[in-house]
Structures are given as C-alpha cells and as structure tokens.
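Data first, discussion second: the structure below is written as structure tokens.
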Number of protein chains: 2
Amino acid sequence: MRISELARSAGLSVATVKYYIREGLLPAGVRSAPNQAEYGDEHLRRLRLIRTLRTVAGLDIGRIRRVVAAIEDDSLSRHAVFGVVEQVQAREPSAEADADARANEEVDGFIEELGWHVRPDAAARKELADILTALRGLGRQYGTEVFRPYAAAADRMASWEVAQIPPSEPRSVAVERMVVGTVVFGAVFDALRRLAHEHHSGATERDGPGKARSANR
Amino acid sequence: MRISELARSAGLSVATVKYYIREGLLPAGVRSAPNQAEYGDEHLRRLRLIRTLRTVAGLDIGRIRRVVAAIEDDSLSRHAVFGVVEQVQAREPSAEADADARANEEVDGFIEELGWHVRPDAAARKELADILTALRGLGRQYGTEVFRPYAAAADRMASWEVAQIPPSEPRSVAVERMVVGTVVFGAVFDALRRLAHEHHSGATERDGPGKARSANR
C-alpha cells in the first residue's frame, strides 16, 4: 500500500508516519517508483504498536525507539527484551526522590530473599528504594515487609502472564505480545484496582466491614 | 516551629513551602509576631504527604490540591475520598486515544457483571475502553474477558487493602492512609510486577517452562 493508505489505516497523519520513519521507529517502505514506496502489513502492525505504546503507556519517542530496537534485535533473548521493557517503564527520577543507601540495600536483600533473578541495575529496584524512603518520611517505621503481599501478587500475575506466551511462538510474535502484555495490562490492572477500591470502600460503608459484595472469589 | 525549621525537616526549601501555602496545599501557620508564624507537626506531616504524592505518584500541584481538599473536607465519606483519589490518578487523555461508543458500553457492562459499585463517571472506565479499542487496533478480537483475571486480582488486592484501615480509625488518619496506600502501593506493585516478569521470563529460558523458582506460593 502507499503511505497515504498506511497512515489512514493506522489512524495517523502522513506527516506522523514520515516522522516515525525519520526517527527510526518504522522501517522505510520498498521503493516502487522514483518518488513512491510500498508498505506492507508489518508496517501497519508496527504503527499500531507505536500508537498503543504512546496512548496507553504514555511512552515518549525515545523510549519507544528502545522498545522497537529490542523487538528487532534477533540476538536478544525474550528474557533480555523483558529487561528493556522493564527499563523503559521506569518513572522519571524526581529531583526530590532520593533513597538513602540503606534503603537500596534493603530492597536488594528483599529481592534476593524472594529468589528473583533480576538485573542488578533494574530501574524498579531504585523505585522501590525511593518509595521506602518516602514512606519513612511519612513518619512510620516501614521495612521491606510491607512489600511482601504485593510481591506475592506480582509473582502470581507475572508467572501466569509469562506462561501465556508459549515458547513455541515465533520470536517476532512473542516479543510483541510481551511488550503489549506488560505495558497495556499494567494499565488495565491499575484502572481496575482503582475501581475495586471505590467498590470495596463503598461496600464497607453500606454494609459494614467484611460484607463487600464481590464477584471474584 | 518556624518556617525555616519546618522546611528543613521536610527536606524542602522555604520558597517551596511558601509556594505550597499560596497554592492552598498547606494551611498558613499561626501568627506569633508581626513577621513570624508558628508551624506544628500537622504541617510537617502534610508537607511529607505532598512530597510523596509528587515524587512517588508524580501528581501535579492541581491534582494534589484536589486530594488535600478531599482530606480536609470532613463532610466527605471515606468512600467519597476514594472517588477523588481514583479521579486524580486518571491518565492524561491522549489526543490519539479515542474509544468507540461500543467499547464504553462493553466496559460498563463488564463492571456491572462484576457487581462493582463505582461512579458512572469514574475515569478508569474510560481508560479501560480506550485500552480495549487500542488492543483491537492491534488486530486481535479482544473482548472484556481479557480483563477478567486482572479484575479478580484487583478485587482481592483492594478488598484486603480497604480492610487494612479499620473503621474505628479517626477519619483524618484513615483518609491519609487511604491516599498513601492507593497511590504509593500502586507504584510498588507496578515495580514488583516488572521485576517478576524479568524473573519468570528468565526462569523459563533457564529451566524450561513451568520451572520458574518462586518464593511466593
């Protein structure tokens, strides 16, 4: 298809599609005439992926470029792609957030205790240490044990999610599903948790504690 | 204490503290001399809360003001405060995200099926509809059933979290714990889920599927 049709199918302007090509997010089309190129379904799929990463995950162009490069790099294992996806989802470090050295060590110890194998420089380690420091700033004597119920839930969820992608799936399909799954269903869970809070707090006020109606037991 | 001591204890500059007072995030101190005011522990606690909402949750001043107003408004039930906290965590609507009417209806039907009581205008409903639309744009025939395992996990987590705050707790303490709990532990879960993905994907590659070592079963 021509670039105009590609753009229309993806719900984007031609200018945006050209911008993504210049930025290296999308391979150029195959030149079919001096001033014309042909694009295929893989271009359309890539554009929809980019759009999802922008609109659902709010990733900026630089982070999307890193994801796309990881998807395209066949030398990266699926595990390594998860590492890249982990890193691009890092929160912008705030000037005010500043974990003390002790918090960093405690978080590393906690992850070791869980038996999780993750890169020493995973961004999420620093985020947890910053959070621990912030919680202590609120005047309570928090330790990493407050993370434990969340680690158990994350472990169950991630184990199930990783198992959704069979190892037999071709790498190109698998890594795209991983990226979408991690980023998009993180947003899904966040939205549902907020709704569930509202429901359960309301149920407590309506019926007294422990009486929240729940469809998911 | 004086404003200089308050600022130092909160790890902020005096200018920032004055800015928060002007913006209505922090009540003014009690005037003790023509050019001097006294601040108490409740000011310090409030500043630390603001700092946590900024650094951990990344909320802007306008959203923090809405949270603070809800905390201070004794006429709002705890349930109503959860509604405000739900709303301020809404993702910025992207110009590109645009759920079709059908997706909005499907999400409403899904939440009704769950038996959850949440405001018709909860921001998370629209977010889920946008996500559903984006997933379909990726070329797969997704329905709301893909949300179901996440709804079950969110239901369990929220039910447990709401129960952590006993109804006997004074409102002022309870609502602050709710705000911190919702916002901060959402970030905790997000970070842990990313780490757990990395661990489980690695375990699959190391040991074959189904062999991920897990400390949380």
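For the structure tokens, the naming scheme is as follows: chains receive sequential letters (A, B, ...) according to their order of presentation, residues are indexed from 1 within each chain, and ligands are indexed from 1 in presentation order.
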
Contact set, chain A to chain B: 6 Å, only C-alpha atoms, as a VMD selection string: chain A and resid 48 52 55 79 82 86 94 97 114 116 to 118 124 134 138 150 to 152 154 to 155 158 to 159 189 191 to 194 196 to 202 215 to 216

Sel. of strand (DSSP E) residues, chain B, as JSON, numbers by chain: {"B": [30, 31, 32, 33, 36, 37, 38]}

Nearby residues (only C-alpha atoms) at most 8 Å from A:Met1, same-chain spacing under 3 positions excluded, as number ranges by chain: A: 5-6, 38-40

Point-to-point distance from atom CA of B:Ser4 to atom CA of B:Glu23, Å rounded to tenths: 18.5 Å

Residue list (helix (DSSP H, G or I), DSSP) for stretch 22-136 of chain B, as a PyMOL selection string: chain B and resi 22+41-55+61-72+78-88+101-114+123-136

Separation of atom CA of B:Val179 from atom CA of A:Phe110 in Å: 25.0 Å

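One distance worth recording is that between atom CA of B:His43 and atom CA of B:Glu169, which is 20.4 Å.
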
Residue contacts of A:Val68 (9 Å, only C-alpha atoms) excluding same-chain residues fewer than 2 positions away, as a PyMOL selection string: chain A and resi 24-26+46+50+63-66+70-73
